[in-house]
>>> print(open('query-v7.csv').read())   # CSV, C-alpha atoms
chain,number,residue,atom,x,y,z
A,1402,MET,CA,12.8,-8.8,8.7
A,1403,ARG,CA,12.6,-12.5,7.7
A,1404,ILE,CA,10.4,-13.5,4.8
A,1405,TYR,CA,9.2,-17.1,4.1
A,1406,ARG,CA,7.7,-18.0,0.8
A,1407,ARG,CA,6.4,-21.4,2.0
A,1408,HIS,CA,4.6,-22.7,5.1
A,1409,HIS,CA,6.9,-25.5,5.8
A,1410,HIS,CA,10.6,-25.9,7.0
A,1411,ILE,CA,10.1,-22.9,9.3
A,1412,ASP,CA,13.0,-22.0,11.5
A,1413,PRO,CA,12.3,-23.0,15.2
A,1414,ALA,CA,12.9,-19.4,16.2
A,1415,ASP,CA,9.9,-18.3,14.1
A,1416,GLN,CA,7.5,-21.1,15.3
A,1417,ASN,CA,5.0,-20.4,18.1
A,1418,ALA,CA,4.7,-16.8,16.7
A,1419,VAL,CA,1.7,-14.6,17.2
A,1420,VAL,CA,0.6,-14.3,13.5
A,1421,ALA,CA,-1.6,-11.5,12.1
A,1422,ILE,CA,-3.4,-12.7,9.0
A,1423,GLY,CA,-4.7,-10.7,6.0
A,1424,ASN,CA,-3.9,-9.1,2.7
A,1425,PHE,CA,-3.0,-5.8,4.4
A,1426,ASP,CA,-3.2,-3.8,1.1
A,1427,GLY,CA,-2.6,-0.2,2.0
A,1428,VAL,CA,-1.5,-1.0,5.6
A,1429,HIS,CA,-4.2,1.4,6.9
A,1430,LEU,CA,-5.2,2.2,10.5
A,1431,GLY,CA,-7.3,-0.9,10.8
A,1432,HIS,CA,-4.5,-3.1,9.7
A,1433,ALA,CA,-2.2,-1.3,12.2
A,1434,LYS,CA,-4.6,-2.1,15.0
A,1435,VAL,CA,-4.4,-5.8,14.1
A,1436,ILE,CA,-0.6,-5.8,13.8
A,1437,ARG,CA,-0.1,-3.9,17.0
A,1438,ALA,CA,-2.3,-6.3,18.8
A,1439,ALA,CA,-0.2,-9.2,17.5
A,1440,ALA,CA,3.0,-7.4,18.6
A,1441,LYS,CA,1.6,-6.8,22.1
A,1442,ALA,CA,0.6,-10.4,22.4
A,1443,ALA,CA,3.9,-11.6,21.1
A,1444,ARG,CA,5.8,-9.5,23.7
A,1445,ALA,CA,3.5,-10.9,26.5
A,1446,GLU,CA,4.3,-14.4,25.4
A,1447,GLY,CA,8.0,-13.8,24.8
A,1448,THR,CA,7.7,-14.9,21.1
A,1449,THR,CA,7.8,-13.4,17.6
A,1450,CYS,CA,5.3,-11.1,16.0
A,1451,ALA,CA,4.7,-12.4,12.5
A,1452,LEU,CA,2.3,-11.8,9.6
A,1453,LEU,CA,0.7,-14.2,7.1
A,1454,THR,CA,-0.2,-12.6,3.7
A,1455,PHE,CA,-0.5,-13.6,0.1
A,1456,GLU,CA,0.9,-12.7,-3.3
A,1457,PRO,CA,-0.6,-12.1,-5.7
A,1458,HIS,CA,-3.5,-10.5,-4.0
A,1459,PRO,CA,-6.4,-13.0,-4.1
A,1460,ARG,CA,-8.6,-10.5,-6.0
A,1461,GLN,CA,-6.0,-10.3,-8.7
A,1462,PHE,CA,-5.9,-14.1,-8.9
A,1463,PHE,CA,-9.7,-14.5,-9.1
A,1464,GLN,CA,-10.2,-11.5,-11.4
A,1465,PRO,CA,-7.1,-11.2,-13.6
A,1466,GLU,CA,-9.1,-9.0,-16.1
A,1467,ILE,CA,-9.5,-6.1,-13.6
A,1468,GLY,CA,-7.2,-3.1,-13.9
A,1469,PRO,CA,-4.5,-2.0,-11.4
A,1470,PHE,CA,-6.0,-1.8,-7.9
A,1471,ARG,CA,-3.1,-2.3,-5.5
A,1472,LEU,CA,-2.5,0.5,-2.9
A,1473,THR,CA,0.8,-0.9,-1.8
A,1474,PRO,CA,3.0,-3.1,-4.0
A,1475,PHE,CA,5.0,-5.7,-2.1
A,1476,ARG,CA,8.1,-3.6,-1.7
A,1477,THR,CA,6.2,-0.7,-0.2
A,1478,LYS,CA,4.1,-3.0,2.0
A,1479,ILE,CA,7.2,-4.6,3.5
A,1480,ARG,CA,8.6,-1.2,4.4
A,1481,LEU,CA,5.4,-0.2,6.1
A,1482,LEU,CA,5.1,-3.5,8.0
A,1483,THR,CA,8.7,-3.2,9.2
A,1484,ASP,CA,7.8,0.3,10.6
A,1485,LEU,CA,5.0,-1.3,12.6
A,1486,GLY,CA,7.3,-3.9,14.2
A,1487,VAL,CA,6.6,-7.0,12.2
A,1488,GLU,CA,9.6,-9.3,12.5
A,1489,THR,CA,8.7,-12.2,10.3
A,1490,ILE,CA,6.5,-12.5,7.2
A,1491,PHE,CA,5.0,-15.7,5.8
A,1492,ASN,CA,4.3,-14.6,2.3
A,1493,LEU,CA,2.4,-17.5,0.6
A,1494,ARG,CA,1.9,-17.6,-3.2
A,1495,PHE,CA,-1.8,-17.5,-3.9
A,1496,SER,CA,-2.1,-20.2,-6.4
A,1497,GLN,CA,-4.9,-22.5,-7.7
A,1498,ALA,CA,-3.8,-25.1,-5.1
A,1499,LEU,CA,-4.1,-22.6,-2.2
A,1500,ALA,CA,-7.4,-21.3,-3.6
A,1501,GLN,CA,-8.8,-24.9,-3.4
A,1502,THR,CA,-7.5,-25.5,0.1
A,1503,SER,CA,-10.4,-26.2,2.4
A,1504,ALA,CA,-10.8,-24.0,5.5
A,1505,GLU,CA,-10.1,-27.0,7.7
A,1506,ASP,CA,-6.8,-27.7,5.9
A,1507,PHE,CA,-5.8,-24.1,5.9
A,1508,ILE,CA,-5.9,-24.2,9.7
A,1509,GLY,CA,-4.6,-27.7,10.2
A,1510,ASN,CA,-1.9,-27.9,7.5
A,1511,ILE,CA,-0.8,-24.3,7.2
A,1512,LEU,CA,-1.4,-22.6,10.6
A,1513,VAL,CA,-0.9,-25.6,13.0
A,1514,ASP,CA,1.4,-28.1,11.3
A,1515,GLY,CA,3.2,-25.7,9.0
A,1516,LEU,CA,3.7,-22.4,10.9
A,1517,GLY,CA,3.2,-23.9,14.4
A,1518,VAL,CA,1.3,-20.7,15.4
A,1519,GLY,CA,1.2,-19.7,19.1
A,1520,GLY,CA,-1.5,-17.1,18.4
A,1521,VAL,CA,-3.6,-15.7,15.5
A,1522,VAL,CA,-4.9,-12.1,15.2
A,1523,VAL,CA,-7.5,-11.2,12.6
A,1524,GLY,CA,-10.1,-8.6,11.9
A,1525,PRO,CA,-13.8,-9.2,12.5
A,1526,ASN,CA,-14.8,-10.3,9.0
A,1527,PHE,CA,-11.9,-12.6,8.2
A,1528,ARG,CA,-12.9,-15.4,5.8
A,1529,PHE,CA,-10.6,-18.1,4.4
A,1530,GLY,CA,-10.5,-21.4,2.6
A,1531,ARG,CA,-12.2,-22.7,-0.5
A,1532,GLY,CA,-15.4,-20.8,-1.1
A,1533,ARG,CA,-14.5,-18.5,1.8
A,1534,ARG,CA,-16.2,-21.1,4.1
A,1535,GLY,CA,-13.9,-20.5,7.1
A,1536,ASP,CA,-14.7,-17.7,9.5
A,1537,ASN,CA,-13.6,-16.6,13.0
A,1538,ARG,CA,-16.1,-19.0,14.7
A,1539,MET,CA,-14.3,-21.9,13.0
A,1540,LEU,CA,-10.9,-20.4,13.9
A,1541,ALA,CA,-12.0,-20.2,17.6
A,1542,ASP,CA,-13.1,-23.9,17.6
A,1543,TYR,CA,-9.7,-24.9,16.2
A,1544,ALA,CA,-7.8,-22.6,18.5
A,1545,ALA,CA,-9.4,-24.3,21.6
A,1546,ARG,CA,-8.6,-27.7,20.1
A,1547,HIS,CA,-5.0,-27.0,19.2
A,1548,ARG,CA,-4.2,-24.6,22.0
A,1549,PHE,CA,-3.3,-21.5,20.2
A,1550,ARG,CA,-4.7,-18.1,21.1
A,1551,LEU,CA,-7.2,-16.3,18.8
A,1552,ILE,CA,-7.6,-12.5,19.1
A,1553,GLU,CA,-10.2,-10.6,17.0
A,1554,ILE,CA,-9.6,-6.9,16.6
A,1555,PRO,CA,-12.3,-4.4,15.4
A,1556,MET,CA,-11.4,-2.6,12.2
A,1557,ASP,CA,-12.8,0.8,13.1
A,1558,GLY,CA,-11.8,4.1,14.7
A,1559,ASP,CA,-13.0,6.1,17.6
A,1560,SER,CA,-15.8,7.5,15.6
A,1561,GLY,CA,-17.1,4.1,14.7
A,1562,ASP,CA,-16.2,4.4,11.0
A,1563,ALA,CA,-14.7,1.1,9.6
A,1564,PHE,CA,-11.3,1.3,8.1
A,1565,SER,CA,-11.4,-0.2,4.6
A,1566,SER,CA,-8.9,-0.7,1.7
A,1567,SER,CA,-11.9,-0.6,-0.7
A,1568,ARG,CA,-12.8,2.8,0.7
A,1569,VAL,CA,-9.3,4.1,0.3
A,1570,ARG,CA,-9.2,2.9,-3.3
A,1571,LYS,CA,-12.5,4.7,-4.0
A,1572,LEU,CA,-11.3,7.9,-2.5
A,1573,ILE,CA,-8.0,7.8,-4.4
A,1574,GLY,CA,-9.8,7.0,-7.7
A,1575,GLU,CA,-11.9,10.1,-7.1
A,1576,GLY,CA,-8.9,12.3,-6.3
A,1577,GLU,CA,-9.8,12.6,-2.6
A,1578,VAL,CA,-6.2,11.8,-1.5
A,1579,ALA,CA,-6.4,13.9,1.6
A,1580,GLN,CA,-9.5,11.9,2.9
A,1581,ALA,CA,-7.7,8.7,2.0
A,1582,SER,CA,-4.7,9.7,4.1
A,1583,ARG,CA,-7.0,9.9,7.2
A,1584,ILE,CA,-7.8,6.2,6.8
A,1585,LEU,CA,-4.3,5.2,6.0
A,1586,GLY,CA,-2.8,7.3,8.9
A,1587,ARG,CA,-0.2,8.7,6.5
A,1588,LEU,CA,0.1,10.1,3.0
A,1589,TRP,CA,-0.6,7.6,0.2
A,1590,GLU,CA,2.5,6.9,-2.0
A,1591,VAL,CA,3.5,5.7,-5.4
A,1592,GLU,CA,7.1,4.5,-5.6
A,1593,GLY,CA,9.1,3.7,-8.8
A,1594,ARG,CA,12.1,4.2,-10.9
A,1595,VAL,CA,12.3,7.4,-13.1
A,1596,ARG,CA,12.0,6.6,-16.8
A,1597,ALA,CA,12.4,8.6,-19.9
A,1598,GLY,CA,9.5,11.0,-20.7
A,1599,HIS,CA,8.4,13.0,-23.8
A,1600,GLY,CA,10.4,16.1,-23.0
A,1601,GLN,CA,7.5,18.7,-23.3
A,1602,GLY,CA,7.8,19.6,-19.6
A,1603,GLN,CA,11.5,20.4,-20.0
A,1604,GLU,CA,10.8,22.5,-23.1
A,1605,MET,CA,8.2,24.6,-21.2
A,1606,GLY,CA,10.5,25.1,-18.2
A,1607,PHE,CA,8.9,22.5,-16.0
A,1608,PRO,CA,11.1,19.4,-16.2
A,1609,THR,CA,9.5,16.2,-14.8
A,1610,ALA,CA,10.5,12.9,-13.4
A,1611,ASN,CA,8.2,10.3,-15.0
A,1612,LEU,CA,7.0,7.1,-13.4
A,1613,SER,CA,4.9,4.3,-14.7
A,1614,LEU,CA,1.4,3.5,-13.2
A,1615,ASP,CA,1.1,0.1,-14.9
A,1616,ARG,CA,0.9,-2.0,-11.8
A,1617,ILE,CA,-0.6,0.4,-9.2
A,1618,LEU,CA,-4.0,2.0,-8.6
A,1619,HIS,CA,-4.6,5.0,-10.8
A,1620,PRO,CA,-5.4,8.2,-8.9
A,1621,ALA,CA,-8.0,10.5,-10.6
A,1622,ALA,CA,-6.4,12.3,-13.5
A,1623,GLY,CA,-5.3,15.8,-12.5
A,1624,ILE,CA,-2.7,18.0,-10.7
A,1625,TYR,CA,-1.6,17.3,-7.2
A,1626,ALA,CA,0.5,18.9,-4.5
A,1627,VAL,CA,2.9,16.1,-3.5
A,1628,ARG,CA,6.1,15.4,-1.6
A,1629,ALA,CA,8.8,13.7,-3.7
A,1630,GLY,CA,11.4,11.5,-1.9
A,1631,ILE,CA,14.6,10.6,-3.8
A,1632,VAL,CA,15.7,7.2,-2.5
A,1633,ASP,CA,19.4,6.9,-1.8
A,1634,ARG,CA,20.0,3.4,-0.4
A,1635,ASN,CA,18.3,3.3,3.0
A,1636,ASP,CA,17.7,7.1,3.1
A,1637,THR,CA,15.0,9.2,1.4
A,1638,HIS,CA,15.5,13.0,0.7
A,1639,TRP,CA,12.2,14.7,0.5
A,1640,GLN,CA,11.3,17.8,-1.5
A,1641,ASN,CA,8.1,19.7,-2.3
A,1642,ALA,CA,6.7,19.0,-5.8
A,1643,ALA,CA,3.7,19.2,-8.1
A,1644,ALA,CA,2.6,16.1,-9.9
A,1645,TYR,CA,0.5,15.4,-13.0
A,1646,VAL,CA,-1.5,12.2,-13.4
A,1647,GLY,CA,-3.1,11.6,-16.8
A,1648,ASP,CA,-2.7,10.8,-20.5
A,1649,ARG,CA,-1.6,14.2,-21.7
A,1650,PRO,CA,-4.7,15.3,-23.7
A,1651,THR,CA,-3.1,18.6,-24.8
A,1652,PHE,CA,-0.5,16.5,-26.8
A,1653,GLY,CA,-2.9,14.0,-28.2
A,1654,GLY,CA,-3.2,11.5,-25.4
A,1655,SER,CA,-1.0,8.6,-24.4
A,1656,ALA,CA,-0.7,5.9,-21.7
A,1657,MET,CA,-1.6,7.0,-18.1
A,1658,ALA,CA,1.5,8.2,-16.4
A,1659,LEU,CA,2.7,10.1,-13.3
A,1660,GLU,CA,4.9,13.2,-14.0
A,1661,VAL,CA,6.6,15.0,-11.0
A,1662,HIS,CA,8.1,18.4,-11.1
A,1663,LEU,CA,10.4,19.3,-8.1
A,1664,LEU,CA,9.6,22.8,-6.8
A,1665,GLU,CA,12.9,23.4,-5.0
A,1666,GLN,CA,15.8,22.0,-7.0
A,1667,GLY,CA,16.1,19.8,-10.0
A,1668,GLY,CA,18.9,17.6,-11.2
A,1669,ASP,CA,19.0,14.5,-13.3
A,1670,LEU,CA,16.7,11.9,-11.7
A,1671,TYR,CA,16.6,9.5,-14.6
A,1672,GLY,CA,17.1,5.9,-13.4
A,1673,LYS,CA,16.7,6.9,-9.7
A,1674,ARG,CA,14.0,5.5,-7.4
A,1675,ILE,CA,11.6,8.0,-6.0
A,1676,ARG,CA,8.6,8.0,-3.6
A,1677,VAL,CA,5.7,10.3,-4.4
A,1678,ALA,CA,3.4,11.1,-1.4
A,1679,PHE,CA,0.1,12.6,-2.5
A,1680,VAL,CA,-1.1,15.6,-0.3
A,1681,GLU,CA,-4.0,17.3,-2.1
A,1682,MET,CA,-5.6,17.4,-5.5
A,1683,LEU,CA,-5.3,20.9,-7.0
A,1684,ARG,CA,-7.5,20.5,-10.2
A,1685,ARG,CA,-8.8,18.0,-12.6
A,1686,ASP,CA,-7.0,17.2,-15.9
A,1687,GLU,CA,-8.0,19.1,-18.9
A,1688,ALA,CA,-6.9,19.8,-22.5
A,1689,PHE,CA,-5.5,23.3,-23.4
A,1690,ALA,CA,-5.5,25.1,-26.7
A,1691,ASP,CA,-1.8,25.1,-27.0
A,1692,SER,CA,1.5,24.6,-25.0
A,1693,GLU,CA,1.7,28.3,-24.0
A,1694,ALA,CA,-1.8,28.1,-22.3
A,1695,LEU,CA,-0.7,24.9,-20.6
A,1696,ARG,CA,2.6,26.6,-19.5
A,1697,ARG,CA,0.7,29.4,-17.8
A,1698,GLN,CA,-1.5,27.0,-16.0
A,1699,MET,CA,1.5,25.0,-14.9
A,1700,ALA,CA,3.0,28.1,-13.3
A,1701,ALA,CA,-0.2,28.7,-11.5
A,1702,ASP,CA,-0.4,25.1,-10.4
A,1703,CYS,CA,3.1,25.2,-8.9
A,1704,LYS,CA,2.3,28.4,-7.1
A,1705,ARG,CA,-0.7,26.8,-5.5
A,1706,ALA,CA,1.2,23.6,-4.7
A,1707,ARG,CA,3.8,25.7,-2.8
A,1708,HIS,CA,1.0,27.3,-0.7
A,1709,VAL,CA,-0.5,23.9,0.2
A,1710,LEU,CA,2.9,22.4,1.0
A,1711,ALA,CA,3.9,25.3,3.2
A,1712,ASP,CA,1.8,23.7,6.0
A,1713,PRO,CA,4.4,22.3,8.5
A,1714,GLY,CA,1.9,19.6,9.4
A,1715,ILE,CA,2.5,18.0,6.0
A,1716,VAL,CA,6.1,17.1,6.9
A,1717,ASP,CA,5.1,15.7,10.2
A,1718,PHE,CA,2.4,13.5,8.6
A,1719,LEU,CA,4.6,12.3,5.7
A,1720,ALA,CA,4.6,8.6,5.4
A,1721,LYS,CA,4.7,8.0,9.1
A,1722,PRO,CA,3.8,4.5,10.4
A,1723,SER,CA,0.1,4.2,10.8
A,1724,ALA,CA,-1.1,5.0,14.3
A,1725,ALA,CA,-3.6,2.7,16.0
>>> encode(input="query-v7.csv", output="structure tokens")
Amino acid sequence: MRIYRRHHHIDPADQNAVVAIGNFDGVHLGHAKVIRAAAKAARAEGTTCALLTFEPHPRQFFQPEIGPFRLTPFRTKIRLLTDLGVETIFNLRFSQALAQTSAEDFIGNILVDGLGVGGVVVGPNFRFGRGRRGDNRMLADYAARHRFRLIEIPMDGDSGDAFSSSRVRKLIGEGEVAQASRILGRLWEVEGRVRAGHGQGQEMGFPTANLSLDRILHPAAGIYAVRAGIVDRNDTHWQNAAAYVGDRPTFGGSAMALEVHLLEQGGDLYGKRIRVAFVEMLRRDEAFADSEALRRQMAADCKRARHVLADPGIVDFLAKPSAA
């Protein structure tokens, strides 16, 4: 994987690439269709499959006051894109200058003169340039003029339902993680480094690995059956787990956090990086009269999580590359 942070001084080996363009937050099944079309066209032309995306997400740039909404932080997105066969990423900084770039200059200065694209692959509603004035009709005009290929890919499945990052965000925000996984083509994940917690879980016999949710979309508060992957360099060791998302109302409330209890074996995870793949919501968050009532409920939650995770299809579905 080669990553460029600018659209100029591109290695000749990465020019004339077939470039899929978009934000690709979530890397869902619709995104996978676009990327696989780019990879197929690149193979036919004997050139590179590349992707043009933006950081920060334009929505974050234009609406900095909104809360966390990202489905896939950059690190996770890169891993998923690599699984889909992307060889080169042009990751442009979304700045005031880029936001004010006209649609014509976006094509001429960035795509043609900068990246030297051999082909462009987009979804049906792609808009670009200042005021979102550019569309696929404009791209088609410039493609004919500058002799690069334009491919438009529908962003829907066999049933006709459109794949949408916004739809995935809504489902996860409602706790419907199993439905979200059907759009993503894999389990939705949160990845982070384990930090120090409050210690109540350990005291009640349910030690947890604690992750921050500061920069990621917040799932609905509650208890989930999850798979927890302990990252060791380039390998990930998966275990069944139960997870809590919430602000701990039984103990007076605090910042929203993710707490993961391994069902199979524990060990000190502090400081380690883990991936948490959400399988199914078990119940909503609630406050309990005391820690003993909470402990009894936690035991019941873990029993139910084991039952859900006993399905062998969960392992097969876990974090696999999205299927077109």
>>> closest_atom_pairs(input="query-v7.csv", of="segment 1465-1548 of chain A", to="segment 1426-1448 of chain A", cutoff="12 Å", atoms="all atoms listed in the file", output="Markdown table")
| residue | atom | partner | partner_atom | distance |
| --- | --- | --- | --- | --- |
| A:Phe1470 | CA | A:Asp1426 | CA | 9.6 |
| A:Arg1471 | CA | A:Asp1426 | CA | 6.8 |
| A:Leu1472 | CA | A:Gly1427 | CA | 5.0 |
| A:Thr1473 | CA | A:Gly1427 | CA | 5.1 |
| A:Pro1474 | CA | A:Asp1426 | CA | 8.1 |
| A:Phe1475 | CA | A:Asp1426 | CA | 9.0 |
| A:Arg1476 | CA | A:Asp1426 | CA | 11.6 |
| A:Thr1477 | CA | A:Gly1427 | CA | 9.1 |
| A:Lys1478 | CA | A:Val1428 | CA | 7.0 |
| A:Ile1479 | CA | A:Val1428 | CA | 9.6 |
| A:Arg1480 | CA | A:Val1428 | CA | 10.2 |
| A:Leu1481 | CA | A:Val1428 | CA | 7.0 |
| A:Leu1482 | CA | A:Val1428 | CA | 7.5 |
| A:Thr1483 | CA | A:Ile1436 | CA | 10.7 |
| A:Asp1484 | CA | A:Ala1433 | CA | 10.3 |
| A:Leu1485 | CA | A:Ala1433 | CA | 7.2 |
| A:Gly1486 | CA | A:Ala1440 | CA | 7.1 |
| A:Val1487 | CA | A:Ala1440 | CA | 7.4 |
| A:Glu1488 | CA | A:Ala1440 | CA | 9.2 |
| A:Thr1489 | CA | A:Ala1440 | CA | 11.2 |
| A:Ile1490 | CA | A:Ile1436 | CA | 11.8 |
| A:Val1518 | CA | A:Thr1448 | CA | 10.3 |
| A:Gly1519 | CA | A:Thr1448 | CA | 8.3 |
| A:Gly1520 | CA | A:Ala1439 | CA | 8.1 |
| A:Val1521 | CA | A:Ala1439 | CA | 7.6 |
| A:Val1522 | CA | A:Ala1439 | CA | 6.0 |
| A:Val1523 | CA | A:Val1435 | CA | 6.4 |
| A:Gly1524 | CA | A:Val1435 | CA | 6.7 |
| A:Pro1525 | CA | A:Val1435 | CA | 10.1 |
| A:Phe1527 | CA | A:Val1435 | CA | 11.7 |
>>> closest_residue(input="query-v7.csv", among="A:Asn1635, A:Gln1666, A:Ala1678, A:Phe1549", to="Glu1590 of chain A", atoms="all atoms listed in the file")
A:Ala1678
>>> closest_residue(input="query-v7.csv", among="A:Pro1465, A:Leu1585, A:Gln1580, A:Pro1459", to="Arg1533 of chain A", atoms="all atoms listed in the file")
A:Pro1459
>>> closest_atom_pairs(input="query-v7.csv", of="segment 1430-1471 of chain A", to="segment 1614-1629 of chain A", cutoff="12 Å", atoms="all atoms listed in the file", output="CSV")
residue,atom,partner,partner_atom,distance
A:Pro1457,CA,A:Arg1616,CA,11.9
A:Gln1461,CA,A:Arg1616,CA,11.2
A:Ile1467,CA,A:Leu1618,CA,11.0
A:Gly1468,CA,A:Leu1618,CA,8.0
A:Pro1469,CA,A:Leu1618,CA,4.9
A:Phe1470,CA,A:Leu1618,CA,4.4
A:Arg1471,CA,A:Ile1617,CA,5.2
>>> residues_near_point(input="query-v7.csv", point="(-13.5, -21.8, -0.5)", cutoff="8 Å", atoms="only C-alpha atoms", output="count of residues only")
12
>>> atom_distance(input="query-v7.csv", atom1="atom CA of Asp1514 of chain A", atom2="atom CA of Glu1456 of chain A")
21.2 Å
>>> residues_near_point(input="query-v7.csv", point="(5.0, 9.7, -9.6)", cutoff="7 Å", atoms="only C-alpha atoms", output="ChimeraX atom specification")
/A:1591-1592,1611-1612,1644,1659-1661,1677
>>> closest_residue(input="query-v7.csv", among="A:Gly1576, A:Thr1609, A:Arg1707, A:Trp1589", to="Asn1641 of chain A", atoms="all atoms listed in the file")
A:Arg1707
>>> closest_residue(input="query-v7.csv", among="A:Ala1700, A:Leu1499, A:His1458, A:Gly1515", to="Asn1417 of chain A", atoms="only C-alpha atoms")
A:Gly1515
>>> atom_distance(input="query-v7.csv", atom1="atom CA of Ala1451 of chain A", atom2="atom CA of Arg1548 of chain A")
17.8 Å
>>> residues_around(input="query-v7.csv", residues="His1408 of chain A", least_positions_apart="3", cutoff="7 Å", atoms="all atoms listed in the file", output="mmCIF file with C-alpha atoms, keeping the file's coordinate frame")
data_model
loop_
_atom_site.group_PDB
_atom_site.id
_atom_site.type_symbol
_atom_site.label_atom_id
_atom_site.label_comp_id
_atom_site.auth_asym_id
_atom_site.auth_seq_id
_atom_site.Cartn_x
_atom_site.Cartn_y
_atom_site.Cartn_z
ATOM 1 C CA ILE A 1411 10.100 -22.900 9.300
ATOM 2 C CA ILE A 1511 -0.800 -24.300 7.200
ATOM 3 C CA GLY A 1515 3.200 -25.700 9.000
ATOM 4 C CA LEU A 1516 3.700 -22.400 10.900
#
>>> closest_residue(input="query-v7.csv", among="A:Pro1608, A:Ala1597, A:Leu1551, A:Phe1679", to="Gly1630 of chain A", atoms="only C-alpha atoms")
A:Phe1679
>>> atom_distance(input="query-v7.csv", atom1="atom CA of His1708 of chain A", atom2="atom CA of Val1680 of chain A")
11.9 Å
>>> closest_residue(input="query-v7.csv", among="A:Asn1526, A:His1662, A:Tyr1645, A:Glu1681", to="Pro1555 of chain A", atoms="only C-alpha atoms")
A:Asn1526
